[in-house]
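Here's the structure, in structure tokens; my notes come after.
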Amino acid sequence: MIAEPIVQLDDLRRSFTIRRKAGRLRRQTKIVDAVDGITASIQPGEAVGYIGANGAGKSTTIKMLTGILVPTSGRVRTCGYDPVPQRRQLAREVGVVFGQRSQLWWDLPLRDSFRILGAIHRLPTGDATARTEQLVDRLGLADLLDTPVRQLSLGERMRGEVAAVLVHRPRLLVLDEPTIGLDMISKERLRQFLVAERAEFGTTLLLTTHDMGDIERLCDRVLVIDRGRLVFDGTLPSLAERVALQRVLVVDLPEPSPDLCISEAAHIGSDLDGQRQRLAFSPKETTAAKVLAEVSAVTEVVDLTLEEPAIEDIVRTLYGVA
Amino acid sequence: MVELSSAEAYCILIGSRIRSQLAYRVSFWLNVATSVAVGLVEFIEIYAIFANVPVFGGLDLRQSALVFALANMGFALADVIFGQLDTIPTYLRLGRLEVLLVRPMPLLLQLITADFQLRRLGRLAVGVLIILAVLPGIDLSYTTATIYLLVVTPFVGAAIYGAFFVTAGGLQFFLIEGAEFTSAFVYGGSYAGQLPGSVLITPIRILFTFVFPATVTAYLPSLLIMGLPGPEFLPAWLGWFAPMFAAWAWLLAWLAWHAGIRKFTGAGG
């Protein structure tokens, strides 16, 4: 028997009517298709990255599959439920982190948020405590438990948010921009935790992000949405075949220099008469360290930054290829 | 292990709110004092009217004070439980409602427990004090019926005012600046409930009895307690049906609330 998909979208659509003033009394109405016929399914245990530019329809899709928003047409089933009418049953199987919107109790110590969420999910007290302890331990939250949430840093709070939606052991974890604004160390810590958590419990993950690093570390499948339509559904390697998921190393040199010519990376641009140079490389073939070592052998490097591939560029290339 | 019952879950939720409020004692008592002051100011407002007219809507000062106190107690109880529903526009604006909707507890109960404010009990104290002060001065026969009405009226009143809060809460989903509307509706209703119903002009009297039953929260039961007849369209015996008026108010509240949530999930905030 094939297991039922954990998320099933059939020709899912959602349009919004936007009213604008046009003249003194007249009003113009415009219908915008935020999600314009998406069909996809996610099997239990999969880790799916859902990417697209701002306003492409990611959040609208997530709202529909968690039961917050009624689809205009089409069908959506999540964990075997019809999300809007069965929203509360569904809520017990799903954990959702809306990156920008905290679900923690602002003025209470972090500990209390976990206790309250355990109660909201009606978890037996012992069970909730054991699970909370486990999450606190794995996410390194022990020293923060007595701190009111408003005093936590963004990275600390985000770890708290992720722990909070996992207290009830959801089958499906939906993370909406979980790493936005986090520094490298906080991001990595969160990613490591998610990898370990999924390995142990097989939790299905649906992740929206602007950070290709999240996708590469966490997801085995990618959905790309553009203007409400699904433009790519496949594995990360197959996405990489169609678009170059290249990193760009930007190096600042002490003085104007001729274009660098090195074997590990391709020179793709110079600014300030060559004082700043951009070198593209594929992370599969080499590493930033190797590229840097080669550059350092030729000239001194004053400063450097590493740029991830931008989602917008990926979407654009997908169109170029298609 | 067995699941927590709803009651246990709510106890944990409310308990955490209460503990956090008591953690800052000075702030808590200042808030209680403010709440008492609000109740007193409202009473002074009504007292100013009574002091200038010997008989107000057919009631003397003490009798009117009884109406005020019963209404105020009911309102205070409702305010403790439902008072924070006027924060819905803030939730909408900050997009925090989505977070509440992906939890397995009814939205209304989450909002109620999200900011359970004990300090609002300060108002209740005002009502209790006034009642204790005026009861000895009113000529009452303490029959079973009178005592029943004195005890039950604040609770039925709380149910009716609570329904007002929920109705207004549901309507906030349709309004852009909902907080003002809630205040106008809820506090308007409570003001109408604190006055002798006979002073309201007929259409308002009917509106605040048969649609939004504010006069049933105190005035009508007070007439029964004091053995007085009611004015036109407002016979005192209606006071016996207070629980039914409360049920009606909750039906309206339920409809408004569900329409509000449907509107939200339909439009997506």
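Letters A, B, ... mark the chains of the structure tokens in the order given; residue numbers begin at 1 per chain; ligand numbers begin at 1, in order shown.
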DSSP-assigned alpha helix (DSSP H) among stretch 105-159 of chain B, expressed as a PyMOL selection string: chain B and resi 107-114+121-134+144-159
Those selected residues, please, written with N, CA and C atoms and delivered as a short mmCIF file (atom, residue, chain, number, x, y, z; two decimals), in the first residue's frame.
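Result written to selection33.cif:
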```
data_model
loop_
_atom_site.label_atom_id
_atom_site.label_comp_id
_atom_site.auth_asym_id
_atom_site.auth_seq_id
_atom_site.Cartn_x
_atom_site.Cartn_y
_atom_site.Cartn_z
N LEU B 107 -10.00 29.75 18.62
CA LEU B 107 -9.38 31.07 18.60
C LEU B 107 -9.86 31.94 19.75
N LEU B 108 -11.18 31.91 20.00
CA LEU B 108 -11.74 32.76 21.05
C LEU B 108 -11.09 32.44 22.39
N LEU B 109 -10.94 31.14 22.69
CA LEU B 109 -10.36 30.76 23.98
C LEU B 109 -8.89 31.14 24.05
N GLN B 110 -8.20 31.09 22.92
CA GLN B 110 -6.79 31.50 22.94
C GLN B 110 -6.67 32.99 23.19
N LEU B 111 -7.55 33.77 22.56
CA LEU B 111 -7.49 35.22 22.76
C LEU B 111 -7.81 35.58 24.20
N ILE B 112 -8.81 34.88 24.75
CA ILE B 112 -9.20 35.16 26.13
C ILE B 112 -8.06 34.88 27.08
N THR B 113 -7.40 33.73 26.87
CA THR B 113 -6.35 33.34 27.81
C THR B 113 -5.03 34.02 27.50
N ALA B 114 -4.92 34.67 26.33
CA ALA B 114 -3.64 35.27 25.95
C ALA B 114 -3.30 36.44 26.85
N LEU B 121 -10.42 43.00 37.99
CA LEU B 121 -11.31 42.69 39.12
C LEU B 121 -11.49 43.91 40.02
N GLY B 122 -10.63 44.92 39.88
CA GLY B 122 -10.76 46.13 40.66
C GLY B 122 -12.13 46.76 40.51
N ARG B 123 -12.63 46.72 39.29
CA ARG B 123 -13.97 47.27 39.03
C ARG B 123 -15.04 46.52 39.78
N LEU B 124 -14.84 45.18 39.85
CA LEU B 124 -15.81 44.36 40.56
C LEU B 124 -15.91 44.81 42.01
N ALA B 125 -14.76 45.15 42.59
CA ALA B 125 -14.72 45.60 43.98
C ALA B 125 -15.59 46.83 44.15
N VAL B 126 -15.55 47.75 43.18
CA VAL B 126 -16.37 48.96 43.26
C VAL B 126 -17.85 48.60 43.33
N GLY B 127 -18.26 47.69 42.45
CA GLY B 127 -19.65 47.26 42.42
C GLY B 127 -20.07 46.65 43.75
N VAL B 128 -19.21 45.78 44.28
CA VAL B 128 -19.53 45.11 45.55
C VAL B 128 -19.67 46.14 46.67
N LEU B 129 -18.74 47.09 46.72
CA LEU B 129 -18.78 48.11 47.77
C LEU B 129 -20.06 48.93 47.70
N ILE B 130 -20.45 49.33 46.47
CA ILE B 130 -21.64 50.15 46.35
C ILE B 130 -22.87 49.37 46.81
N ILE B 131 -22.93 48.11 46.39
CA ILE B 131 -24.09 47.29 46.77
C ILE B 131 -24.18 47.17 48.29
N LEU B 132 -23.03 46.92 48.92
CA LEU B 132 -23.03 46.78 50.38
C LEU B 132 -23.46 48.09 51.04
N ALA B 133 -23.11 49.20 50.41
CA ALA B 133 -23.44 50.50 50.99
C ALA B 133 -24.93 50.82 50.85
N VAL B 134 -25.53 50.47 49.71
CA VAL B 134 -26.90 50.92 49.47
C VAL B 134 -27.97 49.93 49.93
N THR B 144 -36.60 34.31 49.11
CA THR B 144 -35.73 33.46 48.29
C THR B 144 -35.54 34.10 46.91
N ALA B 145 -36.65 34.64 46.38
CA ALA B 145 -36.59 35.21 45.04
C ALA B 145 -35.63 36.39 44.99
N THR B 146 -35.71 37.27 45.99
CA THR B 146 -34.83 38.44 45.99
C THR B 146 -33.37 38.01 46.07
N ILE B 147 -33.12 37.08 46.98
CA ILE B 147 -31.73 36.65 47.16
C ILE B 147 -31.21 35.97 45.89
N TYR B 148 -32.08 35.14 45.29
CA TYR B 148 -31.71 34.51 44.03
C TYR B 148 -31.31 35.56 42.99
N LEU B 149 -32.14 36.61 42.88
CA LEU B 149 -31.86 37.64 41.87
C LEU B 149 -30.57 38.39 42.18
N LEU B 150 -30.38 38.71 43.47
CA LEU B 150 -29.16 39.44 43.84
C LEU B 150 -27.90 38.65 43.51
N VAL B 151 -27.99 37.33 43.72
CA VAL B 151 -26.80 36.50 43.49
C VAL B 151 -26.59 36.23 42.00
N VAL B 152 -27.69 35.92 41.31
CA VAL B 152 -27.56 35.45 39.93
C VAL B 152 -27.35 36.60 38.94
N THR B 153 -27.94 37.77 39.24
CA THR B 153 -27.90 38.86 38.28
C THR B 153 -26.48 39.24 37.80
N PRO B 154 -25.50 39.38 38.71
CA PRO B 154 -24.17 39.74 38.19
C PRO B 154 -23.63 38.70 37.21
N PHE B 155 -23.94 37.42 37.42
CA PHE B 155 -23.41 36.39 36.53
C PHE B 155 -24.12 36.38 35.19
N VAL B 156 -25.44 36.53 35.23
CA VAL B 156 -26.17 36.62 33.97
C VAL B 156 -25.74 37.90 33.23
N GLY B 157 -25.57 38.97 34.01
CA GLY B 157 -25.09 40.22 33.42
C GLY B 157 -23.73 40.02 32.76
N ALA B 158 -22.84 39.28 33.45
CA ALA B 158 -21.52 39.01 32.88
C ALA B 158 -21.65 38.25 31.57
N ALA B 159 -22.60 37.30 31.54
CA ALA B 159 -22.79 36.52 30.31
C ALA B 159 -23.25 37.45 29.19
#
```
If we count only C-alpha atoms, what is near stretch 293-295 of chain A at a cut-off of 9 Å, once residues fewer than 6 positions away on the same chain are taken out, given as a list in words?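 Selected residues are Val251, Leu260, Cys261, Ile262, Ser263, Glu264 and Val301 of chain A.
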Would you mind listing, for every residue of chain B within 8 Å of chain A, the two atoms forming the shortest contact and the distance between them in Å to one decimal, using only C-alpha atoms, sorted by chain and ascending residue number, as a Markdown table?
```
| residue | atom | partner | partner_atom | distance |
| --- | --- | --- | --- | --- |
| B:Met1 | CA | A:Pro124 | CA | 6.3 |
| B:Val2 | CA | A:Pro124 | CA | 6.0 |
| B:Glu3 | CA | A:Pro124 | CA | 5.1 |
| B:Leu4 | CA | A:Arg122 | CA | 4.7 |
| B:Ser5 | CA | A:Arg122 | CA | 6.8 |
| B:Ser6 | CA | A:Arg122 | CA | 7.3 |
| B:Glu8 | CA | A:Ala119 | CA | 7.7 |
| B:Ala9 | CA | A:Ala119 | CA | 4.6 |
| B:Tyr10 | CA | A:Ala119 | CA | 7.5 |
| B:Ile12 | CA | A:Ala119 | CA | 6.6 |
| B:Leu13 | CA | A:Ile116 | CA | 5.7 |
| B:Ser16 | CA | A:Asp112 | CA | 7.0 |
| B:Ser20 | CA | A:Leu108 | CA | 6.8 |
| B:Leu94 | CA | A:Arg101 | CA | 7.8 |
| B:Gly95 | CA | A:Arg101 | CA | 7.1 |
| B:Arg96 | CA | A:Arg101 | CA | 6.3 |
| B:Glu98 | CA | A:Ile68 | CA | 6.6 |
| B:Val99 | CA | A:Gln103 | CA | 6.0 |
| B:Leu100 | CA | A:Gln103 | CA | 7.8 |
| B:Leu101 | CA | A:Ile68 | CA | 6.5 |
| B:Val102 | CA | A:Ala91 | CA | 5.2 |
| B:Arg103 | CA | A:Ala91 | CA | 5.1 |
| B:Pro104 | CA | A:Arg88 | CA | 4.3 |
| B:Met105 | CA | A:Ile120 | CA | 6.2 |
| B:Pro106 | CA | A:Arg88 | CA | 7.7 |
| B:Phe264 | CA | A:Leu69 | CA | 7.7 |
| B:Thr265 | CA | A:Leu69 | CA | 4.4 |
| B:Gly266 | CA | A:Val70 | CA | 5.4 |
| B:Ala267 | CA | A:Leu69 | CA | 7.1 |
| B:Gly268 | CA | A:Leu69 | CA | 5.5 |
```
At a cut-off of 7 Å, using only C-alpha atoms, what residues contact stretch 45-51 of chain A? Leave out same-chain residues fewer than 2 positions from it and give the result as JSON, numbers by chain. {"A": [42, 43, 202, 203, 204, 205, 206, 207, 208, 209, 210, 215, 218, 219, 220, 221, 222, 223, 224, 225]}
Output file for the selection above: N, CA and C atoms, as a tab-separated table (two decimals), in the first residue's frame:
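Below you can see again34.tsv, which holds the result:
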```
chain	number	residue	atom	x	y	z
A	42	ILE	N	3.57	15.91	-1.58
A	42	ILE	CA	4.75	15.69	-0.75
A	42	ILE	C	4.51	14.41	0.05
A	43	GLN	N	5.45	13.49	-0.04
A	43	GLN	CA	5.32	12.22	0.67
A	43	GLN	C	5.84	12.36	2.10
A	202	GLY	N	11.93	11.35	11.34
A	202	GLY	CA	11.38	11.29	9.99
A	202	GLY	C	10.34	12.35	9.71
A	203	THR	N	10.43	13.48	10.43
A	203	THR	CA	9.47	14.56	10.24
A	203	THR	C	9.54	15.10	8.81
A	204	THR	N	8.38	15.27	8.20
A	204	THR	CA	8.35	15.88	6.87
A	204	THR	C	8.62	17.37	7.02
A	205	LEU	N	9.41	17.91	6.11
A	205	LEU	CA	9.77	19.33	6.21
A	205	LEU	C	9.38	20.07	4.94
A	206	LEU	N	8.69	21.17	5.13
A	206	LEU	CA	8.42	22.08	4.02
A	206	LEU	C	8.99	23.42	4.42
A	207	LEU	N	9.90	23.92	3.60
A	207	LEU	CA	10.69	25.08	4.00
A	207	LEU	C	10.63	26.15	2.92
A	208	THR	N	10.24	27.36	3.28
A	208	THR	CA	10.40	28.44	2.31
A	208	THR	C	11.60	29.24	2.75
A	209	THR	N	12.36	29.70	1.80
A	209	THR	CA	13.57	30.41	2.17
A	209	THR	C	14.08	31.25	1.00
A	210	HIS	N	14.93	32.20	1.34
A	210	HIS	CA	15.65	32.95	0.32
A	210	HIS	C	17.10	32.53	0.30
A	215	ILE	N	18.48	25.30	1.54
A	215	ILE	CA	18.00	24.26	0.63
A	215	ILE	C	19.05	23.17	0.49
A	218	LEU	N	19.35	21.15	3.78
A	218	LEU	CA	18.20	20.51	4.41
A	218	LEU	C	17.27	19.76	3.47
A	219	CYS	N	17.26	20.14	2.19
A	219	CYS	CA	16.18	19.63	1.35
A	219	CYS	C	16.67	18.66	0.29
A	220	ASP	N	15.86	17.62	0.00
A	220	ASP	CA	16.22	16.76	-1.11
A	220	ASP	C	15.37	17.04	-2.34
A	221	ARG	N	14.43	17.95	-2.18
A	221	ARG	CA	13.59	18.27	-3.32
A	221	ARG	C	13.29	19.77	-3.30
A	222	VAL	N	13.14	20.35	-4.47
A	222	VAL	CA	12.89	21.79	-4.55
A	222	VAL	C	11.66	22.06	-5.41
A	223	LEU	N	10.80	22.92	-4.91
A	223	LEU	CA	9.70	23.44	-5.73
A	223	LEU	C	9.99	24.91	-5.95
A	224	VAL	N	9.95	25.34	-7.20
A	224	VAL	CA	10.15	26.76	-7.47
A	224	VAL	C	8.85	27.34	-7.97
A	225	ILE	N	8.41	28.42	-7.33
A	225	ILE	CA	7.15	29.05	-7.72
A	225	ILE	C	7.46	30.44	-8.25
```
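Nearest-residue note for B:Thr87: choosing from B:Ala168, B:Ala71, B:Leu238, B:Ile206, the minimum distance belongs to B:Ala168, counting only C-alpha atoms.
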Excluding stretch 211-217 of chain B and its own-chain neighbours fewer than 6 positions away, which residues fall within 9 Å of it when counting only C-alpha atoms? Please give them as a short mmCIF file (atom, residue, chain, number, x, y, z; two decimals) with N, CA and C atoms, in the first residue's frame.
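Okay, part33.cif is ready:
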```
data_model
loop_
_atom_site.label_atom_id
_atom_site.label_comp_id
_atom_site.auth_asym_id
_atom_site.auth_seq_id
_atom_site.Cartn_x
_atom_site.Cartn_y
_atom_site.Cartn_z
N VAL B 67 -28.95 49.57 40.68
CA VAL B 67 -28.88 49.23 39.25
C VAL B 67 -27.45 49.37 38.77
N LEU B 70 -25.14 46.53 40.22
CA LEU B 70 -25.35 45.20 39.62
C LEU B 70 -24.80 45.16 38.20
N ALA B 71 -25.07 46.22 37.45
CA ALA B 71 -24.57 46.27 36.07
C ALA B 71 -23.05 46.28 36.07
N GLY B 74 -21.54 42.84 36.82
CA GLY B 74 -21.63 41.97 35.64
C GLY B 74 -20.60 42.37 34.60
N PHE B 75 -20.50 43.67 34.38
CA PHE B 75 -19.56 44.15 33.37
C PHE B 75 -18.12 43.84 33.77
N THR B 153 -27.94 37.77 39.24
CA THR B 153 -27.90 38.86 38.28
C THR B 153 -26.48 39.24 37.80
N PRO B 154 -25.50 39.38 38.71
CA PRO B 154 -24.17 39.74 38.19
C PRO B 154 -23.63 38.70 37.21
N PHE B 155 -23.94 37.42 37.42
CA PHE B 155 -23.41 36.39 36.53
C PHE B 155 -24.12 36.38 35.19
N VAL B 156 -25.44 36.53 35.23
CA VAL B 156 -26.17 36.62 33.97
C VAL B 156 -25.74 37.90 33.23
N GLY B 157 -25.57 38.97 34.01
CA GLY B 157 -25.09 40.22 33.42
C GLY B 157 -23.73 40.02 32.76
N ALA B 158 -22.84 39.28 33.45
CA ALA B 158 -21.52 39.01 32.88
C ALA B 158 -21.65 38.25 31.57
N ALA B 159 -22.60 37.30 31.54
CA ALA B 159 -22.79 36.52 30.31
C ALA B 159 -23.25 37.45 29.19
N ILE B 160 -24.16 38.38 29.50
CA ILE B 160 -24.67 39.27 28.45
C ILE B 160 -23.56 40.23 27.98
N TYR B 161 -22.85 40.83 28.92
CA TYR B 161 -21.77 41.74 28.50
C TYR B 161 -20.67 40.98 27.77
N PHE B 164 -21.57 40.71 24.34
CA PHE B 164 -21.32 41.99 23.63
C PHE B 164 -19.87 42.05 23.16
N GLY B 189 -23.13 49.86 25.41
CA GLY B 189 -24.04 48.86 25.97
C GLY B 189 -23.97 48.85 27.49
N SER B 190 -22.76 48.96 28.01
CA SER B 190 -22.61 48.90 29.46
C SER B 190 -23.19 50.16 30.10
N TYR B 191 -23.04 51.30 29.43
CA TYR B 191 -23.60 52.54 29.95
C TYR B 191 -25.13 52.44 30.00
N ALA B 192 -25.69 51.92 28.90
CA ALA B 192 -27.14 51.74 28.86
C ALA B 192 -27.60 50.81 29.96
N GLY B 193 -26.77 49.82 30.29
CA GLY B 193 -27.14 48.86 31.32
C GLY B 193 -27.09 49.43 32.71
N GLN B 194 -26.23 50.46 32.91
CA GLN B 194 -26.07 51.03 34.25
C GLN B 194 -27.17 52.03 34.61
N LEU B 195 -27.86 52.51 33.58
CA LEU B 195 -28.90 53.51 33.83
C LEU B 195 -30.23 52.83 34.07
N PRO B 196 -31.13 53.51 34.80
CA PRO B 196 -32.50 52.98 34.86
C PRO B 196 -33.05 52.97 33.43
N GLY B 197 -33.53 51.83 32.98
CA GLY B 197 -33.97 51.69 31.59
C GLY B 197 -35.05 52.68 31.21
N ARG B 205 -34.52 52.08 24.17
CA ARG B 205 -34.94 51.14 25.21
C ARG B 205 -35.21 49.76 24.60
N LEU B 234 -41.23 47.67 28.90
CA LEU B 234 -40.22 47.05 29.75
C LEU B 234 -40.84 46.55 31.05
N LEU B 238 -40.07 40.69 32.81
CA LEU B 238 -39.07 40.26 31.83
C LEU B 238 -37.76 39.88 32.51
N GLY B 239 -37.54 40.49 33.69
CA GLY B 239 -36.30 40.22 34.43
C GLY B 239 -36.11 38.75 34.76
N PHE B 241 -36.61 36.41 32.85
CA PHE B 241 -36.15 35.71 31.66
C PHE B 241 -34.71 36.08 31.28
N ALA B 242 -34.03 36.72 32.24
CA ALA B 242 -32.66 37.16 31.96
C ALA B 242 -31.78 36.07 31.34
N PHE B 245 -32.43 35.93 27.73
CA PHE B 245 -31.85 37.05 27.00
C PHE B 245 -30.35 36.81 26.80
N ALA B 246 -29.71 36.23 27.83
CA ALA B 246 -28.28 35.93 27.72
C ALA B 246 -28.04 34.94 26.58
N TRP B 248 -29.87 34.51 23.98
CA TRP B 248 -30.07 35.23 22.72
C TRP B 248 -28.81 36.04 22.37
N ALA B 249 -28.27 36.75 23.40
CA ALA B 249 -27.08 37.57 23.15
C ALA B 249 -25.92 36.68 22.67
N LEU B 252 -26.28 35.75 18.99
CA LEU B 252 -25.77 36.84 18.15
C LEU B 252 -24.25 36.83 18.14
#
```
Give me the residues within 7 Å of B:Leu224 as a PyMOL selection string, counting only C-alpha atoms and dropping any in the same chain fewer than 4 places off. chain B and resi 220+228+236-237+239
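When only C-alpha atoms are used to measure the gap to B:Ala163, the shortest distance among B:Phe233, B:Tyr187, B:Trp250, B:Phe208 belongs to B:Trp250.
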